[in-house]
Amino acid sequence: MNQNPMEAEIRRRIAAAGPMPVREYMALCLSHPEHGYYMTRDPLGRAGDFITAPEVSQMFGELLGLWASAVWQAMGSPARIRLVELGPGRGTLMHDALRAALVVPDFHAAVAVHLVEISPALIARQRQKLTGLGVPVTWHATLDDVPEGPVIVIGNEFLDALPVIQMVRLEDGWHERVIELDPAGHFTFGTAADAVPRFEQLLPVRLRNASIGALYEWRSDRFALELGRRIARDGGAALLIDYGHTRSGLGETLQAVAGHGYADPLAAPGSVDLTAHVDFEALTHAVECMGARSHGPLTQGEFLNRLGIDVRAATLKASVDAQAARDIDAALMRLTGAGRTDMGELFKVIAFSHRSLATLPGFEPPA
Ligand code: SAH
């Protein structure tokens, strides 16, 4: 059989330990040290598997850089601030953010950049992109490793890559969904033999009477609790942009993407991107429980409009030729529009802050 190395590894593990929980499958496929999807490649851009907002237009990172400088001012302009980016990809967002932040020189001078990244391939790209800009940059494997002190955290399409547990409601309770082998030896979804006796208590009360066959996805609260703890203790704010649902619900969202289209999540483990939607209600609950405030979520379109993306687009268009101006309009539409391939409605923006920050730029209540 023609097997990729990740597939061989998963077969070995199933043979040794039995059916593999979806959570473990997703974690392995994305971040196995040798064969994981993110460990071996740069998945972004036209030649890659998907395009993200900062790769669509420089306007995205620029507005987020200005957002960060405004938050820093609201914090009382501390002499030192850690600007943390989660899963920085090619470093494009941070590059654009730092350039825009030059209009607030004291902010730019106060910044130390901390990048949370697991991919050696992408760390190399980020290093190339971000050295020589006059701002210190350090890399960390997790948010926990970023040294203490006030933080401004940014993360675009980071949370969707964190593994989810899938649970299926059967007659006798909730069972974890697993990957197993069908009689022909192909990977297939199944359910663990035994119910998890107390899983129901993790569900929002309104979902506890789910019907037989219902599926619930739960992303470990570990990251959210650390983010909340960090902001509540050290001060600052976080801005997270991702696709997902504003209320916890039932249903499967695990998906595979390759070559800018949907793929079978079980067909080529380690060579396709796996993501699952973000449950913004569960995220907010965990972060708030640690003592931080939440703001939003808003749709990405609404948020970027509030930050004045149209003004930025007009400024950029003023100094370029007609074709480049059309490209800027197309990017503006892609980032803020509501069409099927646009990001404006699909993506949500949520922010968290220290209790002392009653509101954040872009999230002010309507006058
Ligand atoms: N934010 C970038 C890239 C998004 S892709 C952009 O918008 O273009 C997801 C990013 O998160 C990649 O950089 C990937 O290597 C990183 N990543 C995925 N899982 C991670 C994990 N568990 N810890 C840290 N980084 C992770």
# chains A, B, ... in the order shown; residues from 1 in each chain; ligands from 1
>>> select_by_dssp(residues="range 60-119 of chain A", states="strand (DSSP E)", output="list in words")
Ile81, Arg82, Leu83, Val84, Glu85, Leu86, Val111, Ala112, Val113, His114, Leu115 and Val116 of chain A
>>> write_last_selection(atoms="C-alpha atoms", output="PDB file, in the first residue's frame")
ATOM      1  CA  ILE A  81       4.867  46.239  26.158  1.00  0.00           C
ATOM      2  CA  ARG A  82       4.985  42.684  24.879  1.00  0.00           C
ATOM      3  CA  LEU A  83       3.255  42.450  21.515  1.00  0.00           C
ATOM      4  CA  VAL A  84       2.417  38.766  21.190  1.00  0.00           C
ATOM      5  CA  GLU A  85       1.241  37.100  18.005  1.00  0.00           C
ATOM      6  CA  LEU A  86      -0.197  33.585  18.074  1.00  0.00           C
ATOM      7  CA  VAL A 111       7.383  47.090  21.782  1.00  0.00           C
ATOM      8  CA  ALA A 112       9.085  43.729  22.200  1.00  0.00           C
ATOM      9  CA  VAL A 113       7.581  41.188  19.804  1.00  0.00           C
ATOM     10  CA  HIS A 114       6.901  37.638  21.014  1.00  0.00           C
ATOM     11  CA  LEU A 115       5.821  35.053  18.471  1.00  0.00           C
ATOM     12  CA  VAL A 116       4.078  31.837  19.532  1.00  0.00           C
TER      13      VAL A 116
END
>>> select_by_dssp(residues="range 204-256 of chain A", states="alpha helix (DSSP H)", output="NGL selection string")
:A and (222-234)
>>> write_last_selection(atoms="N, CA and C atoms", output="short mmCIF file (atom, residue, chain, number, x, y, z; two decimals), in the first residue's frame")
data_model
loop_
_atom_site.label_atom_id
_atom_site.label_comp_id
_atom_site.auth_asym_id
_atom_site.auth_seq_id
_atom_site.Cartn_x
_atom_site.Cartn_y
_atom_site.Cartn_z
N ARG A 222 -7.69 24.84 27.92
CA ARG A 222 -6.36 25.12 28.43
C ARG A 222 -5.81 26.46 27.93
N PHE A 223 -5.88 26.66 26.62
CA PHE A 223 -5.36 27.91 26.06
C PHE A 223 -6.17 29.11 26.57
N ALA A 224 -7.49 29.00 26.55
CA ALA A 224 -8.35 30.12 26.94
C ALA A 224 -8.13 30.50 28.40
N LEU A 225 -7.95 29.51 29.25
CA LEU A 225 -7.72 29.80 30.67
C LEU A 225 -6.38 30.52 30.86
N GLU A 226 -5.37 30.10 30.12
CA GLU A 226 -4.06 30.75 30.22
C GLU A 226 -4.13 32.19 29.72
N LEU A 227 -4.84 32.40 28.62
CA LEU A 227 -4.99 33.75 28.09
C LEU A 227 -5.69 34.65 29.10
N GLY A 228 -6.78 34.16 29.67
CA GLY A 228 -7.54 34.94 30.65
C GLY A 228 -6.71 35.24 31.88
N ARG A 229 -6.02 34.24 32.37
CA ARG A 229 -5.17 34.40 33.55
C ARG A 229 -4.11 35.48 33.32
N ARG A 230 -3.49 35.37 32.17
CA ARG A 230 -2.40 36.25 31.80
C ARG A 230 -2.85 37.72 31.75
N ILE A 231 -3.98 37.96 31.10
CA ILE A 231 -4.48 39.32 30.94
C ILE A 231 -4.98 39.87 32.26
N ALA A 232 -5.69 39.03 33.02
CA ALA A 232 -6.22 39.49 34.30
C ALA A 232 -5.09 39.79 35.28
N ARG A 233 -4.00 39.03 35.20
CA ARG A 233 -2.90 39.20 36.16
C ARG A 233 -1.93 40.31 35.74
N ASP A 234 -1.52 40.29 34.45
CA ASP A 234 -0.43 41.18 34.01
C ASP A 234 -0.92 42.44 33.32
#
>>> residues_near_ligand(ligand="ligand 1", cutoff="8 Å", atoms="only C-alpha atoms and all ligand atoms", output="ChimeraX atom specification")
/A:30-31,38-39,43-44,51-55,85-93,116-119,122,141-142,155-159,161-162
>>> closest_residue(among="A:Met75, A:Ile123, A:Leu133, A:Val22", to="Leu98 in chain A", atoms="only C-alpha atoms")
A:Leu133
>>> atom_distance(atom1="CA of Gly259 in chain A", atom2="CA of Gly45 in chain A")
9.9 Å
>>> atom_distance(atom1="CA of Tyr216 in chain A", atom2="CA of Leu250 in chain A")
5.0 Å
>>> atom_distance(atom1="CA of Gly337 in chain A", atom2="CA of Gly296 in chain A")
18.8 Å
>>> residues_around(residues="Asp160 in chain A", least_positions_apart="5", cutoff="9 Å", atoms="only C-alpha atoms", output="list of chain:residue names")
A:Asp242, A:Tyr243, A:Gly244, A:Leu274, A:Thr275, A:Ala276, A:His277, A:Val278
>>> write_last_selection(atoms="all heavy atoms", output="PDB file, in the first residue's frame")
ATOM      1  N   ASP A 242     -11.268  34.672  13.899  1.00  0.00           N
ATOM      2  CA  ASP A 242     -11.387  33.294  13.438  1.00  0.00           C
ATOM      3  C   ASP A 242     -12.797  33.042  12.936  1.00  0.00           C
ATOM      4  O   ASP A 242     -13.678  33.870  13.126  1.00  0.00           O
ATOM      5  CB  ASP A 242     -11.074  32.314  14.582  1.00  0.00           C
ATOM      6  CG  ASP A 242     -10.018  31.304  14.157  1.00  0.00           C
ATOM      7  OD1 ASP A 242     -10.262  30.621  13.140  1.00  0.00           O
ATOM      8  OD2 ASP A 242      -8.970  31.222  14.820  1.00  0.00           O
ATOM      9  N   TYR A 243     -12.997  31.886  12.275  1.00  0.00           N
ATOM     10  CA  TYR A 243     -14.358  31.551  11.914  1.00  0.00           C
ATOM     11  C   TYR A 243     -14.946  30.629  12.949  1.00  0.00           C
ATOM     12  O   TYR A 243     -14.242  29.839  13.571  1.00  0.00           O
ATOM     13  CB  TYR A 243     -14.476  30.973  10.512  1.00  0.00           C
ATOM     14  CG  TYR A 243     -13.437  29.947  10.139  1.00  0.00           C
ATOM     15  CD1 TYR A 243     -13.677  28.598  10.333  1.00  0.00           C
ATOM     16  CD2 TYR A 243     -12.220  30.351   9.608  1.00  0.00           C
ATOM     17  CE1 TYR A 243     -12.720  27.660   9.994  1.00  0.00           C
ATOM     18  CE2 TYR A 243     -11.266  29.424   9.273  1.00  0.00           C
ATOM     19  CZ  TYR A 243     -11.518  28.085   9.461  1.00  0.00           C
ATOM     20  OH  TYR A 243     -10.565  27.165   9.148  1.00  0.00           O
ATOM     21  N   GLY A 244     -16.246  30.775  13.155  1.00  0.00           N
ATOM     22  CA  GLY A 244     -16.875  29.970  14.178  1.00  0.00           C
ATOM     23  C   GLY A 244     -18.258  30.468  14.499  1.00  0.00           C
ATOM     24  O   GLY A 244     -18.807  31.297  13.786  1.00  0.00           O
ATOM     25  N   LEU A 274      -6.166  20.691   8.827  1.00  0.00           N
ATOM     26  CA  LEU A 274      -7.380  20.327   9.568  1.00  0.00           C
ATOM     27  C   LEU A 274      -7.744  21.479  10.487  1.00  0.00           C
ATOM     28  O   LEU A 274      -6.886  21.986  11.209  1.00  0.00           O
ATOM     29  CB  LEU A 274      -7.141  19.077  10.427  1.00  0.00           C
ATOM     30  CG  LEU A 274      -6.945  17.744   9.729  1.00  0.00           C
ATOM     31  CD1 LEU A 274      -6.728  16.657  10.771  1.00  0.00           C
ATOM     32  CD2 LEU A 274      -8.144  17.406   8.853  1.00  0.00           C
ATOM     33  N   THR A 275      -9.007  21.865  10.465  1.00  0.00           N
ATOM     34  CA  THR A 275      -9.461  22.921  11.371  1.00  0.00           C
ATOM     35  C   THR A 275     -10.839  22.559  11.903  1.00  0.00           C
ATOM     36  O   THR A 275     -11.520  21.697  11.343  1.00  0.00           O
ATOM     37  CB  THR A 275      -9.589  24.287  10.666  1.00  0.00           C
ATOM     38  OG1 THR A 275     -10.638  24.198   9.675  1.00  0.00           O
ATOM     39  CG2 THR A 275      -8.308  24.714   9.989  1.00  0.00           C
ATOM     40  N   ALA A 276     -11.229  23.222  12.959  1.00  0.00           N
ATOM     41  CA  ALA A 276     -12.611  23.136  13.421  1.00  0.00           C
ATOM     42  C   ALA A 276     -13.020  24.527  13.886  1.00  0.00           C
ATOM     43  O   ALA A 276     -12.188  25.299  14.377  1.00  0.00           O
ATOM     44  CB  ALA A 276     -12.750  22.123  14.552  1.00  0.00           C
ATOM     45  N   HIS A 277     -14.303  24.849  13.708  1.00  0.00           N
ATOM     46  CA  HIS A 277     -14.794  26.177  14.054  1.00  0.00           C
ATOM     47  C   HIS A 277     -14.531  26.515  15.523  1.00  0.00           C
ATOM     48  O   HIS A 277     -14.491  25.624  16.373  1.00  0.00           O
ATOM     49  CB  HIS A 277     -16.299  26.249  13.812  1.00  0.00           C
ATOM     50  CG  HIS A 277     -16.651  26.412  12.369  1.00  0.00           C
ATOM     51  ND1 HIS A 277     -17.886  26.840  11.948  1.00  0.00           N
ATOM     52  CD2 HIS A 277     -15.922  26.207  11.250  1.00  0.00           C
ATOM     53  CE1 HIS A 277     -17.908  26.896  10.631  1.00  0.00           C
ATOM     54  NE2 HIS A 277     -16.729  26.512  10.179  1.00  0.00           N
ATOM     55  N   VAL A 278     -14.393  27.805  15.772  1.00  0.00           N
ATOM     56  CA  VAL A 278     -14.219  28.269  17.143  1.00  0.00           C
ATOM     57  C   VAL A 278     -15.600  28.472  17.778  1.00  0.00           C
ATOM     58  O   VAL A 278     -16.494  29.046  17.171  1.00  0.00           O
ATOM     59  CB  VAL A 278     -13.433  29.597  17.164  1.00  0.00           C
ATOM     60  CG1 VAL A 278     -13.386  30.175  18.568  1.00  0.00           C
ATOM     61  CG2 VAL A 278     -12.021  29.366  16.621  1.00  0.00           C
TER      62      VAL A 278
END
>>> residues_around(residues="Ala210 in chain A", least_positions_apart="4", cutoff="9 Å", atoms="only C-alpha atoms", output="ChimeraX atom specification")
/A:169,206,214-215,250
>>> closest_residue(among="A:Ala292, A:Ala324, A:Ile14, A:Ala286", to="Ser220 in chain A", atoms="only C-alpha atoms")
A:Ala286
>>> closest_residue(among="A:Leu335, A:Ala70, A:Met6, A:Val272", to="Ala256 in chain A", atoms="only C-alpha atoms")
A:Val272
>>> residues_around(residues="Met167 in chain A", least_positions_apart="2", cutoff="8 Å", atoms="only C-alpha atoms", output="ChimeraX atom specification")
/A:165,169,174-177,215-218
>>> residues_around(residues="Thr299 in chain A", least_positions_apart="5", cutoff="9 Å", atoms="only C-alpha atoms", output="VMD selection string")
chain A and resid 304 336 343 to 350
>>> write_last_selection(atoms="C-alpha atoms", output="PDB file, in the first residue's frame")
ATOM      1  CA  LEU A 304     -12.635  46.566  10.034  1.00  0.00           C
ATOM      2  CA  THR A 336     -15.248  42.928   4.622  1.00  0.00           C
ATOM      3  CA  MET A 343     -14.315  36.886   4.947  1.00  0.00           C
ATOM      4  CA  GLY A 344     -16.412  39.771   6.300  1.00  0.00           C
ATOM      5  CA  GLU A 345     -19.335  37.754   7.690  1.00  0.00           C
ATOM      6  CA  LEU A 346     -17.740  34.343   8.143  1.00  0.00           C
ATOM      7  CA  PHE A 347     -14.940  35.582  10.391  1.00  0.00           C
ATOM      8  CA  LYS A 348     -15.600  36.964  13.851  1.00  0.00           C
ATOM      9  CA  VAL A 349     -13.429  39.219  15.966  1.00  0.00           C
ATOM     10  CA  ILE A 350     -13.422  38.924  19.729  1.00  0.00           C
TER      11      ILE A 350
END
